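K.L.:
Dropping the structure in here first, questions after.
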Amino acid sequence: MNKSKPKTHQIFSNQDLKVLSIEAKIGDILDTHSVDKYAILQVLSGSLKYVDSNQKIVLQSNEYHLIAPNIIHSLEFLEHSKLNLILRAKSILNFKKYED
C-alpha cells in the first residue's frame, strides 16, 4: 500500500494561536516530528494512532490529546480522519530526520 501524507491547511491565526486543519486517508502517516511548544490534537472524526517514545495511543472522534514540547512523535491514520491541531502562534514544527 502506498503511504501518503495528510493534507493540512491553516484555518485560523492571530497573535496568540493558530489552528491547522488536517485531513487524512486510511494508512496516511505524519512522519516523526516535534513541536517546540505545547499543542492540542483534536480529533473531529475518524481514528489515528499517536506514537511517541513513552506511549502508543489510539485516538478517536471527539477525543483530545495534549502534546508536550519537544516530544518526538508520529501519527498513523487508522481510517479517514479529520482533526485540528491547536498551536501557539509562533510554534515551530520540526520534521528533521530523527534516529530510531
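For the C-alpha cells, the naming scheme is as follows: chains receive sequential letters (A, B, ...) according to their order of presentation, residues are indexed from 1 within each chain, and ligands are indexed from 1 in presentation order.
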DSSP on the backbone: what in chain A comes out strand (DSSP E or B), as a PyMOL selection string?

P.N.:
chain A and resi 7-13+17-24+29-35+39-45+47-52+56-60+64-67+73-77+81-88+93-94

K.L.:
So that I can see what lies close to range 73-80 of chain A, please list as a PyMOL selection string the residues with an atom at most 10 Å from it, counting only C-alpha atoms and leaving out residues fewer than 4 positions away in the same chain.

P.N.:
chain A and resi 3+5-6+23-35+45-60+67

K.L.:
Find the residues around Leu44 in chain A up to 6 Å (only C-alpha atoms counted), leave out those fewer than 4 positions away in its own chain, and share them as an mmCIF file with C-alpha atoms, in the first residue's frame.

P.N.:
data_model
loop_
_atom_site.group_PDB
_atom_site.id
_atom_site.type_symbol
_atom_site.label_atom_id
_atom_site.label_comp_id
_atom_site.auth_asym_id
_atom_site.auth_seq_id
_atom_site.Cartn_x
_atom_site.Cartn_y
_atom_site.Cartn_z
ATOM 1 C CA SER A 61 -13.604 11.038 17.150
ATOM 2 C CA ASN A 62 -14.270 13.712 19.815
ATOM 3 C CA LYS A 82 -10.296 14.985 10.240
ATOM 4 C CA LEU A 83 -8.587 16.789 13.083
#

K.L.:
When you draw a straight line from CA of Leu87 in chain A to CA of Leu20 in chain A, how long is it in Å?

P.N.:
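Between CA of Leu87 in chain A and CA of Leu20 in chain A the gap works out to 8.2 Å.
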
K.L.:
Do you have the CA of Lys96 in chain A-CA of Gln15 in chain A distance handy?

P.N.:
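Interatomic distance here is 26.1 Å.
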
K.L.:
Might you pull out every residue within 10 Å of range 11-13 of chain A, with only C-alpha atoms counted and same-chain residues fewer than 3 positions away left off, and present them as an MDAnalysis selection string?

P.N.:
chainID A and resid 8 16:22 84 86:89

K.L.:
Dump C-alpha atoms for the selected residues as a PDB file, in the first residue's frame?

P.N.:
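Written file, part37.pdb:
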ATOM      1  CA  THR A   8      -3.081  20.306   6.043  1.00  0.00           C
ATOM      2  CA  ASP A  16      -1.549  34.117  20.105  1.00  0.00           C
ATOM      3  CA  LEU A  17      -2.838  30.971  18.380  1.00  0.00           C
ATOM      4  CA  LYS A  18      -3.029  29.147  15.096  1.00  0.00           C
ATOM      5  CA  VAL A  19      -5.225  26.215  14.151  1.00  0.00           C
ATOM      6  CA  LEU A  20      -4.291  23.751  11.434  1.00  0.00           C
ATOM      7  CA  SER A  21      -6.902  21.521   9.841  1.00  0.00           C
ATOM      8  CA  ILE A  22      -5.640  18.040   8.957  1.00  0.00           C
ATOM      9  CA  ASN A  84      -7.439  20.170  14.298  1.00  0.00           C
ATOM     10  CA  ILE A  86      -4.059  23.958  18.012  1.00  0.00           C
ATOM     11  CA  LEU A  87      -0.690  25.673  18.496  1.00  0.00           C
ATOM     12  CA  ARG A  88       0.843  28.829  19.888  1.00  0.00           C
ATOM     13  CA  ALA A  89       1.196  31.315  17.031  1.00  0.00           C
TER      14      ALA A  89
END

K.L.:
Restricting the calculation to only C-alpha atoms: of A:Leu41, A:Leu66, A:Asn14, A:Ile71, which residue gets closest to Lys90 in chain A?

P.N.:
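Among the listed residues, the smallest separation from Lys90 in chain A belongs to A:Asn14.
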